[in-house]
Structures are given as structure tokens and as C-alpha cells.
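*Asks:* Next comes the structure file entry-v2.cif, holding mmCIF, N, CA, C and O atoms.
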```cif
data_input
#
loop_
_atom_site.label_atom_id
_atom_site.label_comp_id
_atom_site.auth_asym_id
_atom_site.auth_seq_id
_atom_site.Cartn_x
_atom_site.Cartn_y
_atom_site.Cartn_z
N MET A 88 0.82 -1.20 0.00
CA MET A 88 0.00 0.00 0.00
C MET A 88 0.86 1.26 0.00
O MET A 88 0.50 2.25 -0.63
N SER A 89 2.00 1.22 0.71
CA SER A 89 2.88 2.39 0.76
C SER A 89 3.41 2.76 -0.61
O SER A 89 3.59 3.95 -0.91
N TRP A 90 3.67 1.76 -1.45
CA TRP A 90 4.18 2.05 -2.79
C TRP A 90 3.11 2.73 -3.63
O TRP A 90 3.41 3.64 -4.41
N ILE A 91 1.87 2.32 -3.48
CA ILE A 91 0.77 2.98 -4.20
C ILE A 91 0.65 4.43 -3.75
O ILE A 91 0.50 5.34 -4.58
N ILE A 92 0.73 4.65 -2.45
CA ILE A 92 0.66 6.02 -1.92
C ILE A 92 1.82 6.85 -2.46
O ILE A 92 1.65 8.01 -2.84
N LEU A 93 3.01 6.25 -2.51
CA LEU A 93 4.18 6.97 -3.02
C LEU A 93 4.01 7.31 -4.50
O LEU A 93 4.34 8.42 -4.93
N ILE A 94 3.50 6.39 -5.28
CA ILE A 94 3.26 6.66 -6.70
C ILE A 94 2.22 7.78 -6.87
O ILE A 94 2.40 8.67 -7.71
N LEU A 95 1.18 7.75 -6.06
CA LEU A 95 0.19 8.84 -6.11
C LEU A 95 0.82 10.18 -5.74
O LEU A 95 0.51 11.21 -6.35
N ALA A 96 1.71 10.16 -4.74
CA ALA A 96 2.41 11.39 -4.35
C ALA A 96 3.25 11.92 -5.51
O ALA A 96 3.28 13.12 -5.78
N GLY A 97 3.94 11.01 -6.22
CA GLY A 97 4.72 11.42 -7.39
C GLY A 97 3.85 11.98 -8.49
O GLY A 97 4.21 12.96 -9.15
N CYS A 98 2.70 11.37 -8.69
CA CYS A 98 1.77 11.88 -9.71
C CYS A 98 1.25 13.27 -9.32
O CYS A 98 1.05 14.12 -10.19
N CYS A 99 1.05 13.47 -8.03
CA CYS A 99 0.65 14.81 -7.56
C CYS A 99 1.74 15.83 -7.87
O CYS A 99 1.44 16.99 -8.19
N GLU A 100 3.00 15.40 -7.77
CA GLU A 100 4.09 16.31 -8.10
C GLU A 100 4.00 16.74 -9.56
O GLU A 100 4.19 17.91 -9.90
N VAL A 101 3.69 15.81 -10.42
CA VAL A 101 3.49 16.14 -11.83
C VAL A 101 2.29 17.09 -11.97
O VAL A 101 2.33 18.05 -12.74
N GLY A 102 1.26 16.84 -11.18
CA GLY A 102 0.07 17.70 -11.22
C GLY A 102 0.35 19.12 -10.82
O GLY A 102 -0.12 20.07 -11.46
N PHE A 103 1.14 19.31 -9.76
CA PHE A 103 1.38 20.70 -9.36
C PHE A 103 2.32 21.41 -10.32
O PHE A 103 2.21 22.62 -10.50
N THR A 104 3.21 20.68 -10.98
CA THR A 104 4.04 21.35 -12.00
C THR A 104 3.20 21.70 -13.23
O THR A 104 3.45 22.71 -13.88
N HIS A 105 2.19 20.88 -13.51
CA HIS A 105 1.26 21.20 -14.60
C HIS A 105 0.55 22.51 -14.30
O HIS A 105 0.41 23.37 -15.19
N CYS A 106 0.10 22.67 -13.06
CA CYS A 106 -0.56 23.92 -12.67
C CYS A 106 0.37 25.11 -12.86
O CYS A 106 -0.07 26.17 -13.32
N LEU A 107 1.65 24.95 -12.51
CA LEU A 107 2.61 26.04 -12.71
C LEU A 107 2.75 26.37 -14.19
O LEU A 107 2.82 27.54 -14.58
N GLY A 108 2.82 25.33 -15.02
CA GLY A 108 2.94 25.55 -16.46
C GLY A 108 1.75 26.30 -17.03
O GLY A 108 1.90 27.16 -17.90
N ARG A 109 0.58 25.96 -16.55
CA ARG A 109 -0.63 26.65 -17.01
C ARG A 109 -0.70 28.08 -16.46
O ARG A 109 -1.15 28.99 -17.15
N ALA A 110 -0.28 28.26 -15.22
CA ALA A 110 -0.37 29.58 -14.59
C ALA A 110 0.54 30.60 -15.28
O ALA A 110 0.22 31.78 -15.31
N LYS A 111 1.65 30.14 -15.84
CA LYS A 111 2.58 31.10 -16.45
C LYS A 111 2.01 31.72 -17.72
O LYS A 111 2.49 32.76 -18.17
N ALA A 112 0.97 31.12 -18.27
CA ALA A 112 0.41 31.60 -19.53
C ALA A 112 -0.86 32.44 -19.36
O ALA A 112 -1.44 32.87 -20.35
N VAL A 113 -1.29 32.66 -18.12
CA VAL A 113 -2.55 33.37 -17.91
C VAL A 113 -2.37 34.47 -16.87
O VAL A 113 -1.34 34.55 -16.19
N VAL A 114 -3.38 35.31 -16.74
CA VAL A 114 -3.35 36.39 -15.75
C VAL A 114 -4.71 36.45 -15.05
O VAL A 114 -5.66 35.80 -15.45
N GLY A 115 -4.77 37.27 -14.03
CA GLY A 115 -6.04 37.55 -13.36
C GLY A 115 -6.58 36.36 -12.59
O GLY A 115 -5.84 35.59 -11.98
N THR A 116 -7.88 36.20 -12.66
CA THR A 116 -8.57 35.15 -11.91
C THR A 116 -8.09 33.76 -12.30
O THR A 116 -7.93 32.89 -11.45
N GLU A 117 -7.84 33.56 -13.57
CA GLU A 117 -7.38 32.25 -14.03
C GLU A 117 -6.02 31.90 -13.43
O GLU A 117 -5.78 30.75 -13.05
N TRP A 118 -5.15 32.91 -13.30
CA TRP A 118 -3.85 32.68 -12.65
C TRP A 118 -4.06 32.23 -11.22
O TRP A 118 -3.42 31.28 -10.76
N TRP A 119 -4.95 32.90 -10.48
CA TRP A 119 -5.22 32.53 -9.10
C TRP A 119 -5.80 31.13 -8.99
O TRP A 119 -5.51 30.39 -8.04
N MET A 120 -6.63 30.74 -9.95
CA MET A 120 -7.20 29.39 -9.94
C MET A 120 -6.12 28.34 -10.12
O MET A 120 -6.07 27.35 -9.39
N TRP A 121 -5.22 28.55 -11.10
CA TRP A 121 -4.14 27.59 -11.32
C TRP A 121 -3.20 27.55 -10.11
O TRP A 121 -2.73 26.47 -9.72
N MET A 122 -2.93 28.70 -9.51
CA MET A 122 -2.05 28.71 -8.34
C MET A 122 -2.73 28.07 -7.13
O MET A 122 -2.07 27.43 -6.31
N GLY A 123 -4.04 28.24 -7.02
CA GLY A 123 -4.78 27.55 -5.97
C GLY A 123 -4.69 26.04 -6.15
O GLY A 123 -4.49 25.28 -5.19
N GLY A 124 -4.83 25.59 -7.39
CA GLY A 124 -4.65 24.16 -7.69
C GLY A 124 -3.26 23.69 -7.35
O GLY A 124 -3.07 22.60 -6.79
N PHE A 125 -2.26 24.53 -7.65
CA PHE A 125 -0.87 24.20 -7.32
C PHE A 125 -0.73 23.97 -5.81
O PHE A 125 -0.16 22.97 -5.38
N VAL A 126 -1.24 24.88 -5.01
CA VAL A 126 -1.10 24.78 -3.55
C VAL A 126 -1.79 23.52 -3.01
O VAL A 126 -1.22 22.77 -2.22
N VAL A 127 -3.01 23.27 -3.48
CA VAL A 127 -3.76 22.11 -3.00
C VAL A 127 -3.04 20.81 -3.37
O VAL A 127 -2.85 19.91 -2.53
N ILE A 128 -2.62 20.69 -4.62
CA ILE A 128 -1.96 19.47 -5.07
C ILE A 128 -0.58 19.32 -4.42
O ILE A 128 -0.16 18.21 -4.08
N TYR A 129 0.11 20.43 -4.20
CA TYR A 129 1.41 20.39 -3.53
C TYR A 129 1.26 19.84 -2.10
O TYR A 129 2.01 18.96 -1.69
N ILE A 130 0.28 20.35 -1.39
CA ILE A 130 0.04 19.88 -0.02
C ILE A 130 -0.33 18.39 -0.03
O ILE A 130 0.18 17.61 0.77
N LEU A 131 -1.19 18.00 -0.96
CA LEU A 131 -1.57 16.59 -1.07
C LEU A 131 -0.35 15.72 -1.35
O LEU A 131 -0.18 14.65 -0.75
N SER A 132 0.53 16.18 -2.22
CA SER A 132 1.74 15.43 -2.54
C SER A 132 2.61 15.25 -1.31
O SER A 132 3.13 14.15 -1.04
N MET A 133 2.78 16.31 -0.54
CA MET A 133 3.60 16.23 0.68
C MET A 133 2.98 15.31 1.72
O MET A 133 3.68 14.53 2.37
N VAL A 134 1.66 15.38 1.88
CA VAL A 134 0.98 14.52 2.85
C VAL A 134 1.12 13.06 2.44
O VAL A 134 1.42 12.19 3.27
N LEU A 135 0.95 12.77 1.17
CA LEU A 135 1.09 11.39 0.70
C LEU A 135 2.53 10.90 0.85
O LEU A 135 2.76 9.75 1.25
N LEU A 136 3.50 11.76 0.54
CA LEU A 136 4.91 11.39 0.73
C LEU A 136 5.18 11.09 2.20
O LEU A 136 5.83 10.09 2.53
N ALA A 137 4.69 11.95 3.08
CA ALA A 137 4.89 11.74 4.52
C ALA A 137 4.26 10.44 4.97
O ALA A 137 4.82 9.72 5.81
N LYS A 138 3.11 10.10 4.42
CA LYS A 138 2.44 8.84 4.77
C LYS A 138 3.26 7.65 4.26
O LYS A 138 3.42 6.66 4.97
N ALA A 139 3.78 7.76 3.06
CA ALA A 139 4.55 6.66 2.47
C ALA A 139 5.83 6.37 3.25
O ALA A 139 6.21 5.21 3.42
N ILE A 140 6.49 7.43 3.75
CA ILE A 140 7.76 7.19 4.45
C ILE A 140 7.57 6.68 5.87
O ILE A 140 8.55 6.38 6.54
N GLN A 141 6.32 6.52 6.29
CA GLN A 141 6.09 5.89 7.58
C GLN A 141 6.49 4.42 7.54
O GLN A 141 6.87 3.85 8.56
N THR A 142 6.42 3.81 6.35
CA THR A 142 6.80 2.40 6.24
C THR A 142 7.92 2.15 5.23
O THR A 142 8.55 1.10 5.29
N LEU A 143 8.16 3.08 4.32
CA LEU A 143 9.25 2.93 3.35
C LEU A 143 10.46 3.72 3.83
O LEU A 143 10.31 4.78 4.44
N PRO A 144 11.67 3.25 3.51
CA PRO A 144 12.85 4.02 3.88
C PRO A 144 12.89 5.36 3.12
O PRO A 144 12.62 5.41 1.92
N LEU A 145 13.21 6.41 3.83
CA LEU A 145 13.29 7.74 3.22
C LEU A 145 14.30 7.76 2.08
O LEU A 145 14.08 8.41 1.06
N SER A 146 15.39 7.01 2.24
CA SER A 146 16.45 7.00 1.22
C SER A 146 16.00 6.37 -0.09
O SER A 146 16.65 6.55 -1.11
N ILE A 147 14.90 5.66 -0.08
CA ILE A 147 14.32 5.10 -1.30
C ILE A 147 13.11 5.92 -1.73
O ILE A 147 12.95 6.26 -2.90
N ALA A 148 12.24 6.24 -0.78
CA ALA A 148 10.98 6.91 -1.11
C ALA A 148 11.20 8.29 -1.74
O ALA A 148 10.54 8.63 -2.73
N TYR A 149 12.11 9.06 -1.18
CA TYR A 149 12.30 10.42 -1.70
C TYR A 149 12.83 10.41 -3.14
O TYR A 149 12.28 11.13 -4.00
N PRO A 150 13.87 9.62 -3.46
CA PRO A 150 14.31 9.59 -4.87
C PRO A 150 13.23 9.08 -5.83
O PRO A 150 13.12 9.57 -6.94
N VAL A 151 12.44 8.10 -5.38
CA VAL A 151 11.37 7.60 -6.24
C VAL A 151 10.33 8.71 -6.48
O VAL A 151 9.91 8.94 -7.61
N TRP A 152 9.95 9.40 -5.41
CA TRP A 152 8.98 10.50 -5.52
C TRP A 152 9.51 11.58 -6.46
O TRP A 152 8.81 12.05 -7.36
N THR A 153 10.76 11.96 -6.26
CA THR A 153 11.37 12.99 -7.10
C THR A 153 11.49 12.51 -8.54
O THR A 153 11.26 13.28 -9.48
N GLY A 154 11.87 11.25 -8.71
CA GLY A 154 12.01 10.70 -10.06
C GLY A 154 10.70 10.67 -10.82
O GLY A 154 10.65 11.02 -12.01
N ILE A 155 9.63 10.25 -10.14
CA ILE A 155 8.32 10.25 -10.79
C ILE A 155 7.97 11.67 -11.21
O ILE A 155 7.51 11.91 -12.34
N GLY A 156 8.23 12.62 -10.33
CA GLY A 156 7.95 14.02 -10.66
C GLY A 156 8.79 14.53 -11.81
O GLY A 156 8.28 15.20 -12.72
N ALA A 157 10.08 14.20 -11.80
CA ALA A 157 10.97 14.68 -12.86
C ALA A 157 10.62 14.06 -14.21
O ALA A 157 10.48 14.78 -15.21
N VAL A 158 10.48 12.75 -14.24
CA VAL A 158 10.16 12.08 -15.50
C VAL A 158 8.78 12.52 -15.99
O VAL A 158 8.62 12.85 -17.17
N GLY A 159 7.81 12.53 -15.10
CA GLY A 159 6.46 12.94 -15.49
C GLY A 159 6.41 14.37 -15.99
O GLY A 159 5.71 14.67 -16.96
N THR A 160 7.16 15.25 -15.34
CA THR A 160 7.16 16.66 -15.75
C THR A 160 7.82 16.85 -17.11
O THR A 160 7.33 17.60 -17.95
N VAL A 161 8.92 16.14 -17.36
CA VAL A 161 9.56 16.23 -18.68
C VAL A 161 8.63 15.69 -19.76
O VAL A 161 8.45 16.32 -20.81
N LEU A 162 8.00 14.55 -19.50
CA LEU A 162 7.08 13.98 -20.49
C LEU A 162 5.87 14.90 -20.70
O LEU A 162 5.42 15.08 -21.83
N MET A 163 5.37 15.49 -19.63
CA MET A 163 4.26 16.43 -19.77
C MET A 163 4.71 17.66 -20.58
O MET A 163 3.96 18.15 -21.44
N GLY A 164 5.92 18.13 -20.33
CA GLY A 164 6.43 19.26 -21.10
C GLY A 164 6.48 18.95 -22.59
O GLY A 164 6.13 19.79 -23.42
N ILE A 165 6.89 17.73 -22.90
CA ILE A 165 6.99 17.33 -24.31
C ILE A 165 5.60 17.17 -24.92
O ILE A 165 5.33 17.69 -26.00
N PHE A 166 4.71 16.44 -24.24
CA PHE A 166 3.43 16.10 -24.84
C PHE A 166 2.33 17.14 -24.65
O PHE A 166 1.43 17.25 -25.48
N VAL A 167 2.39 17.91 -23.56
CA VAL A 167 1.33 18.89 -23.30
C VAL A 167 1.77 20.30 -23.70
O VAL A 167 1.00 21.03 -24.32
N PHE A 168 3.00 20.66 -23.34
CA PHE A 168 3.47 22.03 -23.59
C PHE A 168 4.34 22.15 -24.84
O PHE A 168 4.97 23.17 -25.07
N GLN A 169 4.40 21.09 -25.64
CA GLN A 169 5.13 21.07 -26.92
C GLN A 169 6.60 21.50 -26.79
O GLN A 169 7.12 22.23 -27.64
N GLU A 170 7.27 21.05 -25.73
CA GLU A 170 8.70 21.31 -25.59
C GLU A 170 9.46 20.32 -26.47
O GLU A 170 8.91 19.31 -26.91
N ALA A 171 10.72 20.62 -26.70
CA ALA A 171 11.54 19.79 -27.60
C ALA A 171 11.68 18.36 -27.08
O ALA A 171 11.91 18.13 -25.90
N ALA A 172 11.53 17.39 -27.99
CA ALA A 172 11.70 15.98 -27.66
C ALA A 172 13.00 15.50 -28.32
O ALA A 172 12.99 14.89 -29.38
N THR A 173 14.11 15.80 -27.67
CA THR A 173 15.40 15.48 -28.24
C THR A 173 15.93 14.14 -27.72
O THR A 173 15.49 13.62 -26.70
N PHE A 174 16.89 13.61 -28.44
CA PHE A 174 17.55 12.38 -28.02
C PHE A 174 18.12 12.53 -26.62
O PHE A 174 17.97 11.64 -25.77
N TRP A 175 18.79 13.66 -26.36
CA TRP A 175 19.45 13.84 -25.07
C TRP A 175 18.46 13.94 -23.91
O TRP A 175 18.74 13.47 -22.81
N ARG A 176 17.32 14.52 -24.13
CA ARG A 176 16.29 14.55 -23.07
C ARG A 176 15.88 13.13 -22.69
O ARG A 176 15.81 12.78 -21.52
N PHE A 177 15.59 12.32 -23.71
CA PHE A 177 15.19 10.94 -23.44
C PHE A 177 16.34 10.12 -22.86
O PHE A 177 16.12 9.28 -21.99
N PHE A 178 17.55 10.40 -23.31
CA PHE A 178 18.71 9.69 -22.77
C PHE A 178 18.86 9.96 -21.27
O PHE A 178 19.01 9.02 -20.48
N PHE A 179 18.80 11.21 -20.87
CA PHE A 179 19.00 11.53 -19.45
C PHE A 179 17.80 11.13 -18.59
O PHE A 179 17.97 10.76 -17.43
N ILE A 180 16.61 11.18 -19.13
CA ILE A 180 15.45 10.67 -18.39
C ILE A 180 15.61 9.17 -18.17
O ILE A 180 15.33 8.64 -17.08
N THR A 181 16.08 8.46 -19.19
CA THR A 181 16.33 7.02 -19.05
C THR A 181 17.38 6.75 -17.99
O THR A 181 17.22 5.84 -17.16
N THR A 182 18.46 7.53 -17.98
CA THR A 182 19.50 7.31 -16.95
C THR A 182 18.95 7.61 -15.56
O THR A 182 19.33 6.94 -14.59
N LEU A 183 18.05 8.57 -15.45
CA LEU A 183 17.43 8.86 -14.16
C LEU A 183 16.59 7.67 -13.68
O LEU A 183 16.69 7.25 -12.52
N ILE A 184 15.80 7.11 -14.57
CA ILE A 184 14.97 5.95 -14.22
C ILE A 184 15.85 4.77 -13.81
O ILE A 184 15.60 4.12 -12.80
N VAL A 185 16.89 4.50 -14.59
CA VAL A 185 17.80 3.39 -14.28
C VAL A 185 18.47 3.62 -12.92
O VAL A 185 18.60 2.69 -12.12
N SER A 186 18.84 4.84 -12.62
CA SER A 186 19.47 5.15 -11.34
C SER A 186 18.51 4.91 -10.16
O SER A 186 18.91 4.37 -9.13
N ILE A 187 17.27 5.31 -10.33
CA ILE A 187 16.30 5.11 -9.24
C ILE A 187 16.01 3.62 -9.03
O ILE A 187 15.95 3.15 -7.90
N VAL A 188 15.89 2.88 -10.13
CA VAL A 188 15.70 1.43 -10.01
C VAL A 188 16.92 0.81 -9.34
O VAL A 188 16.79 -0.07 -8.48
N GLY A 189 18.10 1.28 -9.72
CA GLY A 189 19.34 0.79 -9.07
C GLY A 189 19.35 1.04 -7.57
O GLY A 189 19.75 0.17 -6.80
N LEU A 190 18.89 2.22 -7.17
CA LEU A 190 18.81 2.52 -5.72
C LEU A 190 17.88 1.53 -5.02
O LEU A 190 18.18 1.07 -3.91
N LYS A 191 16.77 1.22 -5.64
CA LYS A 191 15.82 0.28 -5.05
C LYS A 191 16.44 -1.12 -4.96
O LYS A 191 16.31 -1.80 -3.94
N ILE A 192 17.18 -1.52 -5.98
CA ILE A 192 17.78 -2.85 -5.99
C ILE A 192 18.84 -2.99 -4.90
O ILE A 192 18.86 -3.99 -4.19
N VAL A 193 19.69 -1.98 -4.74
CA VAL A 193 20.76 -2.10 -3.76
C VAL A 193 20.29 -1.73 -2.36
O VAL A 193 20.97 -2.01 -1.38
N GLY A 194 19.12 -1.06 -2.25
CA GLY A 194 18.61 -0.65 -0.94
C GLY A 194 17.78 -1.74 -0.36
O GLY A 194 17.49 -1.92 0.74
#
```
Using C-alpha cells, write down the structure that the file contains.
*Replies:*
Amino acid sequence: MSWIILILAGCCEVGFTHCLGRAKAVVGTEWWMWMGGFVVIYILSMVLLAKAIQTLPLSIAYPVWTGIGAVGTVLMGIFVFQEAATFWRFFFITTLIVSIVGLKIVG
């Protein structure tokens, strides 16, 4: 169950970065709505992470949470915000994933 909570926390991290991406393109009330979403999802992400580390080692949970956020945010940038999809972006995202899996294996 802790792994599911951790994955949800990582997905929330992607969610709050999505809100930031949307907020940078708008003004006024819409900006406040996206920033409100950012705050709510950010708090939810932190609460879920805190719940997950009650049973998972922090040295594994935090890199996994960060990795889900980093990989998800890069993929969202490519597919939602039309950022460049270069070989090097995919190469380094792959090395990040391999590194996190390696941490889990040796931990």
C-alpha cells in the first residue's frame, strides 16, 4: 500500500508542476485558480509522501517520488506544452529511471 501512496504522491508532483505551467500563460482570476490548484496538489503530494515514508525508507521513497515528478514533468512538457523531444532529453530521463531502479535494488 505504501508504494501505491508513493506513486500517487509522485503523480501529484506532476500535477502541481502542470498547474505552474498553465499559470505562467494566464493572468487575473485564471492565474489565481491555477495557483490555488498548485497549492492544494502540492500539499496533497507532501501529505502522501509523509504517509509513504512511515513504512518505506526515506532513502528510497524520496528519490522515487522525485524521479516520478521529474520524469512525469519532462514527459508532460513534451506532450502537453510542446517542448523539444530530443535524443538527449530521453537519454537523461532514461538514466534517471535506471538510477532510481538501481537505488531500489541495492537498498
*Asks:* In terms of the shortest atom-to-atom distance over only C-alpha atoms, which of A:Ile184, A:Ile192, A:Val151, A:Val126 is closest to Trp90 (chain A)?
*Replies:* A:Val151
*Asks:* Can you tell me, as number ranges by chain, which residues in region 96-149 of chain A count as helix (DSSP H, G or I) by DSSP?
*Replies:* A: 96-110, 115-139, 145-149
*Asks:* Taking the file as shown, what set of residues would the PyMOL selection byres ((chain A and resi 121) around 8) give back, as a PyMOL selection string?
*Replies:* chain A and resi 102-103+105-111+115-120+122-128
*Asks:* Could you tell me which residues the PyMOL selection byres (((chain A and resi 163-174 and name CA) around 12) and name CA) returns for this structure, as a list in words?
*Replies:*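 So the PyMOL selection byres (((chain A and resi 163-174 and name CA) around 12) and name CA) ends up selecting Cys98, Glu100, Val101, Gly102, Phe103, Thr104, His105, Cys106, Leu107, Gly108, Arg109, Lys111, Ala112, Ile155, Gly156, Ala157, Val158, Gly159, Thr160, Val161, Leu162, Trp175, Arg176, Phe177, Phe178, Phe179, Ile180 and Thr181 of chain A.
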*Asks:* With a distance cut-off of 6 Å and all atoms listed in the file, select the neighbouring residues of region 138-142 of chain A, excluding the residue or stretch itself and same-chain residues fewer than 4 positions from it, and output the selection as a PDB file with N, CA, C and O atoms, keeping the file's coordinate frame.
*Replies:*
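part.pdb written:
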```
ATOM      1  N   SER A  89       2.000   1.220   0.710  1.00  0.00           N
ATOM      2  CA  SER A  89       2.880   2.390   0.760  1.00  0.00           C
ATOM      3  C   SER A  89       3.410   2.760  -0.610  1.00  0.00           C
ATOM      4  O   SER A  89       3.590   3.950  -0.910  1.00  0.00           O
ATOM      5  N   ILE A  92       0.730   4.650  -2.450  1.00  0.00           N
ATOM      6  CA  ILE A  92       0.660   6.020  -1.920  1.00  0.00           C
ATOM      7  C   ILE A  92       1.820   6.850  -2.460  1.00  0.00           C
ATOM      8  O   ILE A  92       1.650   8.010  -2.840  1.00  0.00           O
ATOM      9  N   LEU A  93       3.010   6.250  -2.510  1.00  0.00           N
ATOM     10  CA  LEU A  93       4.180   6.970  -3.020  1.00  0.00           C
ATOM     11  C   LEU A  93       4.010   7.310  -4.500  1.00  0.00           C
ATOM     12  O   LEU A  93       4.340   8.420  -4.930  1.00  0.00           O
ATOM     13  N   MET A 133       2.780  16.310  -0.540  1.00  0.00           N
ATOM     14  CA  MET A 133       3.600  16.230   0.680  1.00  0.00           C
ATOM     15  C   MET A 133       2.980  15.310   1.720  1.00  0.00           C
ATOM     16  O   MET A 133       3.680  14.530   2.370  1.00  0.00           O
ATOM     17  N   VAL A 134       1.660  15.380   1.880  1.00  0.00           N
ATOM     18  CA  VAL A 134       0.980  14.520   2.850  1.00  0.00           C
ATOM     19  C   VAL A 134       1.120  13.060   2.440  1.00  0.00           C
ATOM     20  O   VAL A 134       1.420  12.190   3.270  1.00  0.00           O
TER      21      VAL A 134
END
```
*Asks:* A:Cys99, A:Val113, A:Val188, A:Leu136: which is nearest Ala148 (chain A), counting only N, CA, C and O atoms?
*Replies:* A:Leu136
*Asks:* Atom O of Gly194 (chain A) and atom C of Leu131 (chain A) are how many Å apart?
*Replies:*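 So the two atoms, atom O of Gly194 (chain A) and atom C of Leu131 (chain A), lie 25.2 Å apart.
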*Asks:* Nearest to Thr153 (chain A) among A:Met88, A:Ala96, A:Leu190, A:Ala137, with distances taken over only N, CA, C and O atoms: which residue is it?
*Replies:* A:Ala96
*Asks:* Using atom O of Ile91 (chain A) and atom N of Leu143 (chain A) as the two end points, give the distance in Å to one decimal.
*Replies:*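 Straight-line distance from atom O of Ile91 (chain A) to atom N of Leu143 (chain A) works out to 12.0 Å.
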*Asks:* What's the separation between atom O of Gly97 (chain A) and atom N of Ile130 (chain A), in Å to one decimal place?
*Replies:*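 That distance, rounded to one decimal, is 11.4 Å.
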*Asks:* Please fill the gaps in region 159-166 of chain A so it has all heavy atoms, and write that as a JSON list (two decimals), in the coordinates of the input.
*Replies:*
```
[["chain", "number", "residue", "atom", "x", "y", "z"],
["A", 159, "GLY", "N", 7.81, 12.53, -15.10],
["A", 159, "GLY", "CA", 6.46, 12.94, -15.49],
["A", 159, "GLY", "C", 6.41, 14.37, -15.99],
["A", 159, "GLY", "O", 5.71, 14.67, -16.96],
["A", 160, "THR", "N", 7.16, 15.25, -15.34],
["A", 160, "THR", "CA", 7.16, 16.66, -15.75],
["A", 160, "THR", "C", 7.82, 16.85, -17.11],
["A", 160, "THR", "O", 7.33, 17.60, -17.95],
["A", 160, "THR", "CB", 7.84, 17.53, -14.69],
["A", 160, "THR", "OG1", 7.12, 17.39, -13.46],
["A", 160, "THR", "CG2", 7.88, 18.99, -15.10],
["A", 161, "VAL", "N", 8.92, 16.14, -17.36],
["A", 161, "VAL", "CA", 9.56, 16.23, -18.68],
["A", 161, "VAL", "C", 8.63, 15.69, -19.76],
["A", 161, "VAL", "O", 8.45, 16.32, -20.81],
["A", 161, "VAL", "CB", 10.91, 15.48, -18.69],
["A", 161, "VAL", "CG1", 11.44, 15.34, -20.11],
["A", 161, "VAL", "CG2", 11.93, 16.19, -17.83],
["A", 162, "LEU", "N", 8.00, 14.55, -19.50],
["A", 162, "LEU", "CA", 7.08, 13.98, -20.49],
["A", 162, "LEU", "C", 5.87, 14.90, -20.70],
["A", 162, "LEU", "O", 5.42, 15.08, -21.83],
["A", 162, "LEU", "CB", 6.64, 12.59, -20.06],
["A", 162, "LEU", "CG", 7.73, 11.52, -20.07],
["A", 162, "LEU", "CD1", 7.20, 10.21, -19.54],
["A", 162, "LEU", "CD2", 8.32, 11.36, -21.46],
["A", 163, "MET", "N", 5.37, 15.49, -19.63],
["A", 163, "MET", "CA", 4.26, 16.43, -19.77],
["A", 163, "MET", "C", 4.71, 17.66, -20.58],
["A", 163, "MET", "O", 3.96, 18.15, -21.44],
["A", 163, "MET", "CB", 3.75, 16.89, -18.41],
["A", 163, "MET", "CG", 2.55, 17.80, -18.50],
["A", 163, "MET", "SD", 1.92, 18.34, -16.92],
["A", 163, "MET", "CE", 3.39, 18.87, -16.09],
["A", 164, "GLY", "N", 5.92, 18.13, -20.33],
["A", 164, "GLY", "CA", 6.43, 19.26, -21.10],
["A", 164, "GLY", "C", 6.48, 18.95, -22.59],
["A", 164, "GLY", "O", 6.13, 19.79, -23.42],
["A", 165, "ILE", "N", 6.89, 17.73, -22.90],
["A", 165, "ILE", "CA", 6.99, 17.33, -24.31],
["A", 165, "ILE", "C", 5.60, 17.17, -24.92],
["A", 165, "ILE", "O", 5.33, 17.69, -26.00],
["A", 165, "ILE", "CB", 7.81, 16.03, -24.44],
["A", 165, "ILE", "CG1", 9.28, 16.31, -24.11],
["A", 165, "ILE", "CG2", 7.67, 15.43, -25.84],
["A", 165, "ILE", "CD1", 10.14, 15.06, -23.92],
["A", 166, "PHE", "N", 4.71, 16.44, -24.24],
["A", 166, "PHE", "CA", 3.43, 16.10, -24.84],
["A", 166, "PHE", "C", 2.33, 17.14, -24.65],
["A", 166, "PHE", "O", 1.43, 17.25, -25.48],
["A", 166, "PHE", "CB", 2.96, 14.73, -24.33],
["A", 166, "PHE", "CG", 3.85, 13.61, -24.79],
["A", 166, "PHE", "CD1", 4.63, 12.91, -23.87],
["A", 166, "PHE", "CD2", 3.93, 13.26, -26.12],
["A", 166, "PHE", "CE1", 5.46, 11.88, -24.29],
["A", 166, "PHE", "CE2", 4.76, 12.24, -26.55],
["A", 166, "PHE", "CZ", 5.53, 11.54, -25.63]]
```
